[in-house]
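Listing of model.cif, mmCIF, C-alpha atoms
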```
data_my_file
#
loop_
_atom_site.label_atom_id
_atom_site.label_comp_id
_atom_site.auth_asym_id
_atom_site.auth_seq_id
_atom_site.Cartn_x
_atom_site.Cartn_y
_atom_site.Cartn_z
CA MET M 1 19.10 5.04 18.98
CA LYS M 2 17.32 2.97 16.37
CA LYS M 3 18.06 -0.72 16.06
CA SER M 4 19.09 -2.09 12.64
CA LEU M 5 16.90 -4.98 11.52
CA GLY M 6 18.51 -5.69 8.16
CA ALA M 7 17.25 -5.51 4.58
CA ARG M 8 13.69 -6.83 4.71
CA THR M 9 10.12 -6.09 3.71
CA LEU M 10 9.01 -4.51 6.95
CA ALA M 11 6.60 -1.61 6.59
CA TYR M 12 3.16 -0.95 8.04
CA PRO M 13 0.38 -0.74 7.00
CA THR M 14 0.07 -3.00 3.97
CA PRO M 15 -3.27 -3.83 2.35
CA VAL M 16 -4.95 -7.21 2.13
CA TRP M 17 -6.41 -7.23 -1.36
CA LEU M 18 -7.73 -10.08 -3.47
CA VAL M 19 -6.60 -10.25 -7.09
CA ALA M 20 -9.14 -12.03 -9.29
CA THR M 21 -8.43 -13.38 -12.77
CA TYR M 22 -9.58 -15.84 -15.40
CA ASP M 23 -7.08 -18.50 -16.41
CA ALA M 24 -6.52 -19.65 -19.99
CA GLU M 25 -9.55 -21.96 -19.72
CA GLY M 26 -11.76 -19.21 -18.34
CA ARG M 27 -11.81 -20.52 -14.77
CA PRO M 28 -11.99 -17.78 -12.15
CA ASN M 29 -9.19 -17.65 -9.61
CA VAL M 30 -8.30 -15.38 -6.71
CA MET M 31 -5.13 -14.74 -4.76
CA THR M 32 -4.25 -12.50 -1.85
CA ALA M 33 -1.74 -9.69 -2.31
CA ALA M 34 -0.16 -7.29 0.15
CA TRP M 35 2.54 -5.88 -2.12
CA ALA M 36 0.02 -3.54 -3.75
CA ALA M 37 -0.97 0.11 -3.88
CA ILE M 38 -2.50 2.89 -5.89
CA VAL M 39 0.43 4.04 -8.05
CA CYS M 40 -0.95 6.89 -10.19
CA SER M 41 -3.83 9.36 -10.11
CA LYS M 42 -4.07 10.06 -13.87
CA PRO M 43 -4.74 7.60 -15.36
CA PRO M 44 -5.99 6.09 -12.10
CA SER M 45 -3.79 3.04 -11.69
CA VAL M 46 -3.06 0.34 -9.18
CA GLY M 47 0.04 -1.82 -8.92
CA VAL M 48 0.23 -5.35 -7.58
CA SER M 49 3.35 -7.48 -7.31
CA LEU M 50 3.22 -11.23 -7.90
CA ARG M 51 5.80 -13.96 -8.03
CA LYS M 52 6.12 -15.68 -11.41
CA ALA M 53 5.44 -18.98 -9.63
CA THR M 54 1.85 -18.00 -8.83
CA TYR M 55 -0.95 -19.32 -10.98
CA SER M 56 -2.40 -15.82 -11.24
CA TYR M 57 0.79 -14.56 -12.91
CA GLY M 58 0.09 -16.46 -16.11
CA SER M 59 -3.56 -15.48 -16.05
CA ILE M 60 -2.78 -11.76 -15.91
CA VAL M 61 -0.26 -12.11 -18.75
CA ALA M 62 -2.79 -14.07 -20.83
CA ARG M 63 -5.86 -11.94 -20.12
CA GLN M 64 -4.15 -8.55 -19.69
CA ALA M 65 -6.60 -7.78 -16.93
CA PHE M 66 -7.36 -8.32 -13.25
CA THR M 67 -9.62 -6.98 -10.55
CA ILE M 68 -8.65 -5.78 -7.09
CA ASN M 69 -11.20 -6.79 -4.50
CA VAL M 70 -11.13 -5.25 -1.03
CA PRO M 71 -12.39 -7.83 1.47
CA SER M 72 -13.96 -6.68 4.70
CA GLU M 73 -12.74 -8.03 8.01
CA LEU M 74 -15.67 -10.46 7.89
CA HIS M 75 -13.72 -12.35 5.24
CA VAL M 76 -10.26 -12.32 6.82
CA ARG M 77 -10.18 -16.15 7.00
CA GLU M 78 -11.09 -16.45 3.32
CA ALA M 79 -8.45 -13.85 2.44
CA ASP M 80 -5.82 -15.75 4.38
CA PHE M 81 -6.81 -18.98 2.65
CA CYS M 82 -6.50 -17.37 -0.80
CA GLY M 83 -2.91 -16.44 0.06
CA MET M 84 -1.94 -20.04 0.82
CA ALA M 85 -3.76 -22.29 -1.69
CA SER M 86 -2.94 -22.21 -5.42
CA GLY M 87 -5.43 -21.93 -8.25
CA ARG M 88 -3.34 -24.54 -10.03
CA ASP M 89 -4.94 -27.30 -7.93
CA THR M 90 -7.68 -25.59 -5.90
CA ASP M 91 -10.95 -23.94 -6.87
CA LYS M 92 -10.62 -21.10 -4.40
CA PHE M 93 -14.00 -19.61 -5.30
CA ALA M 94 -15.67 -22.91 -4.40
CA LYS M 95 -13.65 -23.33 -1.20
CA THR M 96 -14.33 -19.82 0.08
CA GLY M 97 -17.90 -19.56 -1.11
CA PHE M 98 -17.00 -16.38 -2.98
CA THR M 99 -19.10 -15.65 -6.07
CA PRO M 100 -17.29 -14.64 -9.28
CA VAL M 101 -19.03 -11.97 -11.33
CA LYS M 102 -17.89 -11.41 -14.89
CA SER M 103 -16.69 -7.84 -15.38
CA GLU M 104 -18.27 -6.07 -18.33
CA LEU M 105 -15.20 -3.84 -18.69
CA VAL M 106 -12.20 -6.14 -18.42
CA ASP M 107 -11.49 -9.81 -18.99
CA ALA M 108 -11.56 -10.77 -15.31
CA PRO M 109 -14.09 -11.63 -12.63
CA TYR M 110 -14.75 -9.66 -9.48
CA ILE M 111 -15.92 -10.98 -6.12
CA ALA M 112 -19.55 -10.30 -5.28
CA GLU M 113 -18.92 -10.55 -1.52
CA CYS M 114 -16.24 -7.82 -1.44
CA PRO M 115 -17.66 -4.37 -0.68
CA LEU M 116 -15.24 -2.48 -2.92
CA ILE M 117 -13.75 -3.64 -6.23
CA LEU M 118 -11.52 -2.14 -8.95
CA GLU M 119 -11.63 -3.33 -12.56
CA CYS M 120 -8.18 -3.04 -14.12
CA LYS M 121 -6.67 -3.32 -17.57
CA LEU M 122 -2.96 -4.22 -17.56
CA SER M 123 -0.88 -1.20 -18.61
CA HIS M 124 2.69 -1.86 -17.40
CA THR M 125 4.71 -4.90 -16.38
CA VAL M 126 7.73 -4.10 -14.23
CA GLU M 127 10.35 -6.80 -13.59
CA ILE M 128 11.85 -6.10 -10.19
CA GLY M 129 13.23 -9.38 -8.90
CA LEU M 130 11.36 -12.24 -7.27
CA HIS M 131 8.22 -10.19 -7.85
CA THR M 132 6.86 -8.74 -11.06
CA GLN M 133 4.72 -5.66 -10.63
CA PHE M 134 1.59 -5.51 -12.76
CA ILE M 135 0.20 -2.02 -13.11
CA GLY M 136 -3.39 -1.79 -14.20
CA GLU M 137 -5.42 1.19 -15.27
CA ILE M 138 -8.54 1.37 -13.12
CA LEU M 139 -11.47 1.48 -15.55
CA ASP M 140 -14.14 1.51 -12.85
CA VAL M 141 -14.60 1.24 -9.11
CA LYS M 142 -17.73 -0.47 -7.85
CA ALA M 143 -19.03 -0.55 -4.29
CA ASP M 144 -21.90 -2.09 -2.38
CA PRO M 145 -24.60 0.54 -1.73
CA GLU M 146 -24.46 -0.38 1.99
CA VAL M 147 -20.90 1.01 2.37
CA LEU M 148 -21.59 4.36 0.69
CA GLY M 149 -21.75 7.48 2.84
CA GLU M 150 -23.47 10.80 2.37
CA ALA M 151 -21.05 11.98 -0.32
CA GLY M 152 -21.72 8.84 -2.33
CA LEU M 153 -18.24 7.52 -1.52
CA PRO M 154 -17.45 4.30 0.33
CA GLU M 155 -16.76 5.02 3.99
CA VAL M 156 -13.69 3.38 5.46
CA GLU M 157 -15.64 2.46 8.63
CA LYS M 158 -18.24 0.63 6.56
CA VAL M 159 -15.85 -1.13 4.20
CA LYS M 160 -13.83 -2.40 7.20
CA PRO M 161 -10.68 -3.24 5.20
CA VAL M 162 -8.03 -5.53 6.63
CA VAL M 163 -4.46 -4.42 7.31
CA PHE M 164 -1.53 -6.84 7.17
CA GLY M 165 1.68 -6.63 9.13
CA PRO M 166 4.37 -8.38 7.09
CA GLU M 167 7.01 -10.48 8.89
CA VAL M 168 5.02 -10.34 12.14
CA ARG M 169 2.24 -11.92 10.05
CA THR M 170 -0.73 -10.34 11.79
CA TYR M 171 -4.05 -9.05 10.49
CA HIS M 172 -5.70 -5.99 11.98
CA GLY M 173 -8.92 -4.10 11.55
CA LEU M 174 -9.20 -0.37 11.17
CA GLY M 175 -9.30 1.70 14.32
CA ARG M 176 -10.43 5.09 15.42
CA TYR M 177 -10.82 8.12 13.19
CA LEU M 178 -7.77 10.35 13.58
CA GLY M 179 -8.75 13.38 11.55
CA LYS M 180 -9.43 14.91 8.18
CA ALA M 181 -6.69 14.81 5.56
CA PHE M 182 -5.51 18.04 3.92
CA ALA M 183 -6.99 19.77 6.97
CA ILE M 184 -5.59 18.84 10.38
CA GLY M 185 -2.03 19.70 9.32
CA LYS M 186 -3.02 23.32 8.73
CA GLU M 187 -2.73 23.88 12.48
CA LEU M 188 1.04 23.82 11.98
CA MET K 1 -25.99 -4.93 -7.10
CA LYS K 2 -22.81 -2.89 -6.88
CA LYS K 3 -22.88 0.80 -7.71
CA SER K 4 -20.44 2.11 -10.35
CA LEU K 5 -18.36 5.01 -9.02
CA GLY K 6 -16.23 5.66 -12.10
CA ALA K 7 -12.50 5.44 -12.77
CA ARG K 8 -10.84 6.78 -9.64
CA THR K 9 -8.20 6.07 -7.02
CA LEU K 10 -10.47 4.53 -4.43
CA ALA K 11 -8.98 1.66 -2.48
CA TYR K 12 -8.53 1.03 1.23
CA PRO K 13 -6.26 0.84 3.13
CA THR K 14 -3.45 3.06 1.86
CA PRO K 15 -0.40 3.88 3.95
CA VAL K 16 0.67 7.28 5.26
CA TRP K 17 4.42 7.25 4.82
CA LEU K 18 6.92 10.08 4.88
CA VAL K 19 9.51 10.20 2.10
CA ALA K 20 12.68 11.98 3.17
CA THR K 21 15.36 13.27 0.83
CA TYR K 22 18.24 15.71 0.49
CA ASP K 23 17.89 18.34 -2.21
CA ALA K 24 20.73 19.43 -4.51
CA GLU K 25 22.02 21.77 -1.77
CA GLY K 26 21.89 19.06 0.87
CA ARG K 27 18.83 20.42 2.67
CA PRO K 28 16.62 17.70 4.17
CA ASN K 29 13.03 17.59 2.98
CA VAL K 30 10.07 15.37 3.69
CA MET K 31 6.79 14.73 1.90
CA THR K 32 3.81 12.52 2.60
CA ALA K 33 2.94 9.68 0.24
CA ALA K 34 0.00 7.30 0.13
CA TRP K 35 0.63 5.83 -3.33
CA ALA K 36 3.25 3.50 -1.92
CA ALA K 37 3.85 -0.16 -1.07
CA ILE K 38 6.33 -2.95 -0.72
CA VAL K 39 6.76 -4.15 -4.32
CA CYS K 40 9.26 -7.01 -4.14
CA SER K 41 10.60 -9.46 -1.56
CA LYS K 42 13.98 -10.20 -3.21
CA PRO K 43 15.62 -7.77 -3.41
CA PRO K 44 13.44 -6.22 -0.72
CA SER K 45 12.01 -3.17 -2.47
CA VAL K 46 9.49 -0.43 -1.90
CA GLY K 47 7.74 1.72 -4.49
CA VAL K 48 6.51 5.25 -4.02
CA SER K 49 4.74 7.36 -6.63
CA LEU K 50 5.36 11.11 -6.85
CA ARG K 51 4.20 13.82 -9.19
CA LYS K 52 6.99 15.48 -11.17
CA ALA K 53 5.81 18.81 -9.74
CA THR K 54 6.88 17.87 -6.22
CA TYR K 55 10.15 19.18 -4.86
CA SER K 56 11.07 15.69 -3.69
CA TYR K 57 10.93 14.37 -7.25
CA GLY K 58 14.07 16.26 -8.27
CA SER K 59 15.81 15.30 -5.06
CA ILE K 60 15.29 11.57 -5.63
CA VAL K 61 16.50 11.88 -9.22
CA ALA K 62 19.58 13.83 -8.07
CA ARG K 63 20.47 11.72 -5.04
CA GLN K 64 19.21 8.31 -6.28
CA ALA K 65 18.03 7.61 -2.75
CA PHE K 66 15.23 8.19 -0.28
CA THR K 67 13.98 6.92 3.04
CA ILE K 68 10.50 5.75 3.92
CA ASN K 69 9.51 6.81 7.41
CA VAL K 70 6.45 5.32 9.09
CA PRO K 71 4.94 7.94 11.39
CA SER K 72 2.90 6.84 14.37
CA GLU K 73 -0.57 8.23 14.94
CA LEU K 74 1.00 10.68 17.40
CA HIS K 75 2.33 12.53 14.34
CA VAL K 76 -0.74 12.48 12.13
CA ARG K 77 -0.90 16.31 12.10
CA GLU K 78 2.73 16.57 11.06
CA ALA K 79 2.17 13.93 8.37
CA ASP K 80 -0.81 15.85 7.02
CA PHE K 81 1.21 19.06 6.97
CA CYS K 82 4.04 17.41 5.01
CA GLY K 83 1.52 16.48 2.33
CA MET K 84 0.41 20.07 1.82
CA ALA K 85 3.49 22.30 2.14
CA SER K 86 6.33 22.16 -0.41
CA GLY K 87 10.02 21.86 0.36
CA ARG K 88 10.55 24.45 -2.36
CA ASP K 89 9.54 27.24 0.02
CA THR K 90 9.11 25.57 3.42
CA ASP K 91 11.57 23.94 5.80
CA LYS K 92 9.24 21.12 6.79
CA PHE K 93 11.69 19.63 9.28
CA ALA K 94 11.77 22.96 11.14
CA LYS K 95 7.98 23.41 10.96
CA THR K 96 7.18 19.92 12.22
CA GLY K 97 9.97 19.68 14.76
CA PHE K 98 11.14 16.48 13.08
CA THR K 99 14.86 15.72 13.39
CA PRO K 100 16.73 14.65 10.23
CA VAL K 101 19.36 11.97 10.76
CA LYS K 102 21.88 11.36 7.99
CA SER K 103 21.69 7.78 6.77
CA GLU K 104 25.02 5.98 6.69
CA LEU K 105 23.80 3.72 3.89
CA VAL K 106 22.09 5.99 1.38
CA ASP K 107 22.26 9.66 0.42
CA ALA K 108 19.09 10.66 2.31
CA PRO K 109 18.05 11.57 5.83
CA TYR K 110 15.61 9.65 7.99
CA ILE K 111 13.29 11.01 10.65
CA ALA K 112 14.36 10.37 14.24
CA GLU K 113 10.78 10.66 15.54
CA CYS K 114 9.36 7.91 13.29
CA PRO K 115 9.38 4.49 14.96
CA LEU K 116 10.12 2.54 11.75
CA ILE K 117 12.26 3.64 8.81
CA LEU K 118 13.50 2.11 5.54
CA GLU K 119 16.70 3.25 3.83
CA CYS K 120 16.35 2.91 0.06
CA LYS K 121 18.60 3.14 -2.97
CA LEU K 122 16.77 4.00 -6.19
CA SER K 123 16.61 0.97 -8.49
CA HIS K 124 13.79 1.62 -10.98
CA THR K 125 11.92 4.64 -12.27
CA VAL K 126 8.54 3.86 -13.82
CA GLU K 127 6.74 6.54 -15.81
CA ILE K 128 3.02 5.87 -15.43
CA GLY K 129 1.24 9.17 -16.03
CA LEU K 130 0.77 12.06 -13.63
CA HIS K 131 2.81 10.04 -11.16
CA THR K 132 6.27 8.55 -11.54
CA GLN K 133 6.94 5.50 -9.43
CA PHE K 134 10.33 5.33 -7.78
CA ILE K 135 11.30 1.84 -6.71
CA GLY K 136 14.02 1.64 -4.12
CA GLU K 137 15.93 -1.34 -2.85
CA ILE K 138 15.62 -1.48 0.93
CA LEU K 139 19.18 -1.60 2.27
CA ASP K 140 18.16 -1.56 5.92
CA VAL K 141 15.14 -1.24 8.18
CA LYS K 142 15.60 0.50 11.50
CA ALA K 143 13.17 0.64 14.40
CA ASP K 144 12.94 2.21 17.82
CA PRO K 145 13.69 -0.38 20.52
CA GLU K 146 10.41 0.59 22.22
CA VAL K 147 8.31 -0.83 19.34
CA LEU K 148 10.07 -4.19 19.16
CA GLY K 149 8.26 -7.28 20.39
CA GLU K 150 9.51 -10.58 21.70
CA ALA K 151 10.61 -11.83 18.28
CA GLY K 152 12.72 -8.71 17.82
CA LEU K 153 10.31 -7.41 15.19
CA PRO K 154 8.33 -4.17 15.38
CA GLU K 155 4.80 -4.85 16.59
CA VAL K 156 2.01 -3.20 14.65
CA GLU K 157 0.24 -2.23 17.89
CA LYS K 158 3.33 -0.41 19.11
CA VAL K 159 4.24 1.31 15.83
CA LYS K 160 0.64 2.59 15.56
CA PRO K 161 0.80 3.38 11.82
CA VAL K 162 -1.74 5.67 10.18
CA VAL K 163 -4.11 4.54 7.44
CA PHE K 164 -5.42 6.95 4.80
CA GLY K 165 -8.71 6.75 2.98
CA PRO K 166 -8.27 8.43 -0.40
CA GLU K 167 -11.12 10.53 -1.82
CA VAL K 168 -12.94 10.45 1.53
CA ARG K 169 -9.74 12.02 2.88
CA THR K 170 -9.80 10.49 6.34
CA TYR K 171 -7.04 9.21 8.60
CA HIS K 172 -7.54 6.19 10.81
CA GLY K 173 -5.58 4.31 13.42
CA LEU K 174 -5.15 0.58 13.53
CA GLY K 175 -7.85 -1.44 15.21
CA ARG K 176 -8.26 -4.81 16.78
CA TYR K 177 -6.16 -7.87 16.06
CA LEU K 178 -8.02 -10.11 13.62
CA GLY K 179 -5.78 -13.15 13.50
CA LYS K 180 -2.53 -14.72 12.42
CA ALA K 181 -1.62 -14.67 8.74
CA PHE K 182 -0.81 -17.95 6.96
CA ALA K 183 -2.73 -19.62 9.77
CA ILE K 184 -6.39 -18.65 10.24
CA GLY K 185 -7.23 -19.55 6.63
CA LYS K 186 -6.25 -23.17 7.25
CA GLU K 187 -9.66 -23.67 8.87
CA LEU K 188 -11.09 -23.65 5.33
#
```

Let me see the file written as structure tokens.
Amino acid sequence: MKKSLGARTLAYPTPVWLVATYDAEGRPNVMTAAWAAIVCSKPPSVGVSLRKATYSYGSIVARQAFTINVPSELHVREADFCGMASGRDTDKFAKTGFTPVKSELVDAPYIAECPLILECKLSHTVEIGLHTQFIGEILDVKADPEVLGEAGLPEVEKVKPVVFGPEVRTYHGLGRYLGKAFAIGKEL
Amino acid sequence: MKKSLGARTLAYPTPVWLVATYDAEGRPNVMTAAWAAIVCSKPPSVGVSLRKATYSYGSIVARQAFTINVPSELHVREADFCGMASGRDTDKFAKTGFTPVKSELVDAPYIAECPLILECKLSHTVEIGLHTQFIGEILDVKADPEVLGEAGLPEVEKVKPVVFGPEVRTYHGLGRYLGKAFAIGKEL
């Protein structure tokens, strides 16, 4: 018999992604987001939900662009910091030591230290409630050569992404390989 | 120097969640989704993107409801299967051995064997491209008593959710605890 826990945002796993933007004055900023996912295959698109109160909200509206940066577990402290401080009064790039790189495709910076980044042009704005979902078309994905595997794709074990557990507020690394998708289910 | 990989749906981690629905005849069906996330805190809401070609698409439109079921890594084979077979010609509950339980809150079944489930009422439908994003308000979260920790919340280590790596098509378990969110970043 399952126990009812009420209406809340409890689901595992959620990502720990860094959303990077330029503000109206062209200053780079970064915030952490867990309410985010790939939302469409064609055009390849990613959605990220932000509260209107965040400094990044205005930057995405103004610049119509953002990048998604996947930090590795080496940067879990920096990622946590970027989810607490505000770009309104803190230079989070300076504080974390992250290096902003100007995207050549969209009006946003990406983070040099993150092994995997997505350059996104705003395509949809969805008002849901406390959060507004920004959907961006992914114009390019860039990865550090060190995380690429034999197929030329970034390997999950090398990227070492961070997983967030909402409400319990814990960060986790990735664990053991469980199997090949679109393959192991054929046994059934 | 980062390597450009083109415009594609490459981001880690993505969830492996099971979307359960009733079809027009009241038959329970389940499909696997990775293009999914929490999208709003108030009202607590989850988004899941489906292709129109899926059988579940019509069921969500007809019933205006779905459940999100978080499988544990014990059921990674069943989850993979539910992402390949179609409810149009396959009884996936029978094939997987999953047990559908009628939700008392929304017009959809949930999966008894999944340790964590979300009962959702459709609130928004977002046309993006190949995928349509269904946003559902989370009316309740239910969990198996065995996965609850001291605070009465489901512990990530006990739920043992599965992580999917798109494009590389690999499933992974959760790994080591990296730290406490809204805490470890304060060191900076």

Notebook entry, point to check: Mind listing as a PyMOL selection string which residues of chain K are within 6 Å of chain M, counting all atoms listed in the file?
Noted result: chain K and resi 2-9+13+15+35-40+42+44+49+77-78+80-81+129-131+138-144+169-181+184-185

Check: Contacts of range 24-27 of chain K at 9 Å or less, counting all atoms listed in the file, minus same-chain residues fewer than 4 places along, as a ChimeraX atom specification?
Finding: /K:58-59,62-63,91,108

Note to self: Between CA of Ala94 in chain M and CA of Tyr55 in chain M, what is the distance in Å, rounded to a tenth?
What the structure shows: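 Pair CA of Ala94 in chain M / CA of Tyr55 in chain M returns 16.5 Å.
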
Item checked: Atomic distance CA of Val106 in chain K - CA of Lys52 in chain K, expressed in Å with one decimal ->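 Atom-to-atom, CA of Val106 in chain K to CA of Lys52 in chain K, that is 21.8 Å.
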
Checklist line | CA of Ala33 in chain K to CA of Thr32 in chain M, straight-line distance in Å | finding: 23.4 Å

Excluding Thr21 in chain K and residues on its chain fewer than 6 positions from it, collect all residues at most 7 Å away from it, counting all atoms listed in the file, and give them as a PDB file with C-alpha atoms, in the frame of the given file.
```
ATOM      1  CA  PRO K  28      16.620  17.700   4.170  1.00  0.00           C
ATOM      2  CA  ASN K  29      13.030  17.590   2.980  1.00  0.00           C
ATOM      3  CA  VAL K  30      10.070  15.370   3.690  1.00  0.00           C
ATOM      4  CA  SER K  56      11.070  15.690  -3.690  1.00  0.00           C
ATOM      5  CA  SER K  59      15.810  15.300  -5.060  1.00  0.00           C
ATOM      6  CA  ILE K  60      15.290  11.570  -5.630  1.00  0.00           C
ATOM      7  CA  PHE K  66      15.230   8.190  -0.280  1.00  0.00           C
ATOM      8  CA  THR K  67      13.980   6.920   3.040  1.00  0.00           C
ATOM      9  CA  ALA K 108      19.090  10.660   2.310  1.00  0.00           C
ATOM     10  CA  PRO K 109      18.050  11.570   5.830  1.00  0.00           C
TER      11      PRO K 109
END
```

Next item on the list: Using only C-alpha atoms, find the one residue out of K:Ala65, K:Ser103, K:Ser72, K:Val147 that sits nearest to Lys121 in chain K.
Entry: K:Ala65

Next item on the list: Using the chain letters and numbers from the file, give me the residues hit by the PyMOL selection byres ((chain M and resi 100) around 8), as a ChimeraX atom specification.
Entry: /M:28,93,98-99,101-102,109-112

Reconstruct N, CA and C atoms of range 100-124 of chain K from the incomplete input and present them as a tab-separated table (two decimals), in the coordinates of the input.
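Output saved as out-v2.tsv:
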```
chain	number	residue	atom	x	y	z
K	100	PRO	N	16.13	15.48	11.29
K	100	PRO	CA	16.73	14.65	10.23
K	100	PRO	C	18.02	13.99	10.71
K	101	VAL	N	18.15	12.72	10.42
K	101	VAL	CA	19.36	11.97	10.76
K	101	VAL	C	19.97	11.47	9.46
K	102	LYS	N	21.24	11.77	9.24
K	102	LYS	CA	21.88	11.36	7.99
K	102	LYS	C	22.04	9.84	7.96
K	103	SER	N	21.52	9.22	6.92
K	103	SER	CA	21.69	7.78	6.77
K	103	SER	C	23.16	7.48	6.46
K	104	GLU	N	23.64	6.38	7.01
K	104	GLU	CA	25.02	5.98	6.69
K	104	GLU	C	25.05	5.07	5.47
K	105	LEU	N	23.87	4.69	4.99
K	105	LEU	CA	23.80	3.72	3.89
K	105	LEU	C	23.40	4.34	2.57
K	106	VAL	N	22.55	5.36	2.62
K	106	VAL	CA	22.09	5.99	1.38
K	106	VAL	C	22.15	7.51	1.55
K	107	ASP	N	22.10	8.20	0.42
K	107	ASP	CA	22.26	9.66	0.42
K	107	ASP	C	20.91	10.34	0.71
K	108	ALA	N	20.39	10.10	1.89
K	108	ALA	CA	19.09	10.66	2.31
K	108	ALA	C	19.04	10.68	3.83
K	109	PRO	N	18.22	11.56	4.38
K	109	PRO	CA	18.05	11.57	5.83
K	109	PRO	C	16.87	10.70	6.23
K	110	TYR	N	16.85	10.25	7.47
K	110	TYR	CA	15.61	9.65	7.99
K	110	TYR	C	15.14	10.48	9.17
K	111	ILE	N	13.94	10.18	9.63
K	111	ILE	CA	13.29	11.01	10.65
K	111	ILE	C	13.40	10.34	12.01
K	112	ALA	N	14.09	10.97	12.93
K	112	ALA	CA	14.36	10.37	14.24
K	112	ALA	C	13.06	10.01	14.96
K	113	GLU	N	12.03	10.84	14.79
K	113	GLU	CA	10.78	10.66	15.54
K	113	GLU	C	9.89	9.54	15.02
K	114	CYS	N	10.19	9.00	13.84
K	114	CYS	CA	9.36	7.91	13.29
K	114	CYS	C	9.86	6.57	13.82
K	115	PRO	N	8.95	5.73	14.30
K	115	PRO	CA	9.38	4.49	14.96
K	115	PRO	C	9.98	3.44	14.03
K	116	LEU	N	9.69	3.57	12.71
K	116	LEU	CA	10.12	2.54	11.75
K	116	LEU	C	10.55	3.25	10.48
K	117	ILE	N	11.76	2.96	10.01
K	117	ILE	CA	12.26	3.64	8.81
K	117	ILE	C	12.95	2.65	7.88
K	118	LEU	N	12.89	2.95	6.57
K	118	LEU	CA	13.50	2.11	5.54
K	118	LEU	C	14.47	2.96	4.73
K	119	GLU	N	15.70	2.51	4.60
K	119	GLU	CA	16.70	3.25	3.83
K	119	GLU	C	16.79	2.62	2.44
K	120	CYS	N	16.55	3.44	1.42
K	120	CYS	CA	16.35	2.91	0.06
K	120	CYS	C	17.24	3.56	-0.98
K	121	LYS	N	17.78	2.71	-1.84
K	121	LYS	CA	18.60	3.14	-2.97
K	121	LYS	C	17.75	2.99	-4.22
K	122	LEU	N	17.62	4.05	-5.00
K	122	LEU	CA	16.77	4.00	-6.19
K	122	LEU	C	17.21	2.89	-7.15
K	123	SER	N	16.27	2.05	-7.56
K	123	SER	CA	16.61	0.97	-8.49
K	123	SER	C	15.84	1.04	-9.81
K	124	HIS	N	14.60	1.52	-9.77
K	124	HIS	CA	13.79	1.62	-10.98
K	124	HIS	C	12.99	2.93	-10.96
```
